[in-house]
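Notes follow once the structure below has been shown.
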Amino acid sequence: MLNDNELATLRNRFKRDAEFLMQGTGSDHGEKSQEEKDAKPLPRINRHSVFWVMASVGVTYYVDFLRVIMENDDIKSWWFNVGLILLGICLSLAMFCIVYLEWFKGIQHYDQEYPAIPPITTAAFIAASCSFNIALWPVWSFFTPFILFTQFMGMVMLISLLG
């Protein structure tokens, strides 16, 4: 074990290091204020968004997604309809935030103005994805979560390109 003198030396060294680190985290030229971050927004179109949108288009084509949804009798229709309603709620809230609040009202931080919208949208999206997984499991079995995840990510990225 350490004796009292060594412990005091170690404690003082940690105090000096902490003070040095705290002095370095002030308003240096490396950090930006919130106003500077808001002044220059990130580009809407980036590689990440394009990848997910293109992956979603590719999966839609490869698994013939729309034809299967319209014509396959193995789909559990009750769960599919619940998923459609929840997805409609999610998309309605997203369009309310993007189109009405951001474009027309000019509110950039709508999650601060309406704090209930993000958790409701998230819950609706998670419940919709669970419902779609249950409804479409008889069609694609264990590929269903991967196919739906790719479709949902493509949809989310497409919506993020709008706002």
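Chains: A, B, ... in order of the structure tokens. Residues: from 1 per chain. Ligands: from 1, in order shown.
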Near-Val57 in chain A list (9 Å; only C-alpha atoms; drop same-chain fewer than 4 positions) as a ChimeraX atom specification: /A:52-53,61-62,151,154
Just the selected residues (N, CA, C and O atoms), exported as a PDB file, in the first residue's frame, please.
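Wrote it out as result-v8.pdb, contents follow:
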ATOM      1  N   TRP A  52     -28.309   4.929 -47.420  1.00  0.00           N
ATOM      2  CA  TRP A  52     -29.520   4.281 -46.918  1.00  0.00           C
ATOM      3  C   TRP A  52     -30.674   4.399 -47.900  1.00  0.00           C
ATOM      4  O   TRP A  52     -31.470   3.459 -48.044  1.00  0.00           O
ATOM      5  N   VAL A  53     -30.787   5.530 -48.582  1.00  0.00           N
ATOM      6  CA  VAL A  53     -31.861   5.672 -49.574  1.00  0.00           C
ATOM      7  C   VAL A  53     -31.640   4.700 -50.729  1.00  0.00           C
ATOM      8  O   VAL A  53     -32.569   4.013 -51.174  1.00  0.00           O
ATOM      9  N   TYR A  61     -36.452  -3.283 -54.821  1.00  0.00           N
ATOM     10  CA  TYR A  61     -36.410  -3.936 -56.125  1.00  0.00           C
ATOM     11  C   TYR A  61     -36.090  -5.423 -55.993  1.00  0.00           C
ATOM     12  O   TYR A  61     -36.745  -6.259 -56.606  1.00  0.00           O
ATOM     13  N   TYR A  62     -35.091  -5.759 -55.187  1.00  0.00           N
ATOM     14  CA  TYR A  62     -34.612  -7.135 -55.103  1.00  0.00           C
ATOM     15  C   TYR A  62     -35.655  -8.086 -54.526  1.00  0.00           C
ATOM     16  O   TYR A  62     -35.827  -9.197 -55.023  1.00  0.00           O
ATOM     17  N   GLN A 151     -35.559  -0.597 -45.058  1.00  0.00           N
ATOM     18  CA  GLN A 151     -36.638   0.251 -45.564  1.00  0.00           C
ATOM     19  C   GLN A 151     -36.888   1.438 -44.643  1.00  0.00           C
ATOM     20  O   GLN A 151     -37.065   2.570 -45.112  1.00  0.00           O
ATOM     21  N   GLY A 154     -34.048   3.942 -44.925  1.00  0.00           N
ATOM     22  CA  GLY A 154     -34.180   4.691 -46.166  1.00  0.00           C
ATOM     23  C   GLY A 154     -35.252   5.752 -46.080  1.00  0.00           C
ATOM     24  O   GLY A 154     -35.089   6.879 -46.552  1.00  0.00           O
TER      25      GLY A 154
END
Can you tell me, as a VMD selection string, which residues in range 10-152 of chain A count as alpha helix (DSSP H) by DSSP? chain A and resid 10 to 24 34 to 39 47 to 62 65 to 71 77 to 95 110 to 113 117 to 140 144 to 152
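Take the candidates A:Trp79, A:Phe14, A:Phe96, A:Phe65 and check each one against Leu148 in chain A using only C-alpha atoms; the shortest distance goes to A:Phe65.
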Using only C-alpha atoms, determine which residues lie at most 12 Å from Ser129 in chain A, disregarding the query and same-chain residues fewer than 2 positions distant; provide the list as a PyMOL selection string. chain A and resi 79-87+90+122-127+131-137+144-153
Residues within 10 Å of Ile98 in chain A, only C-alpha atoms, excluding chain neighbours under 3 positions, as a ChimeraX atom specification: /A:92-95,101-108,110,159-160,162-163
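The gap separating CA of Leu158 in chain A from CA of Val99 in chain A is 14.1 Å, in Å to one decimal.
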Straight-line distance linking CA of Ile117 in chain A with CA of Tyr100 in chain A, stated in Å to one decimal: 13.5 Å
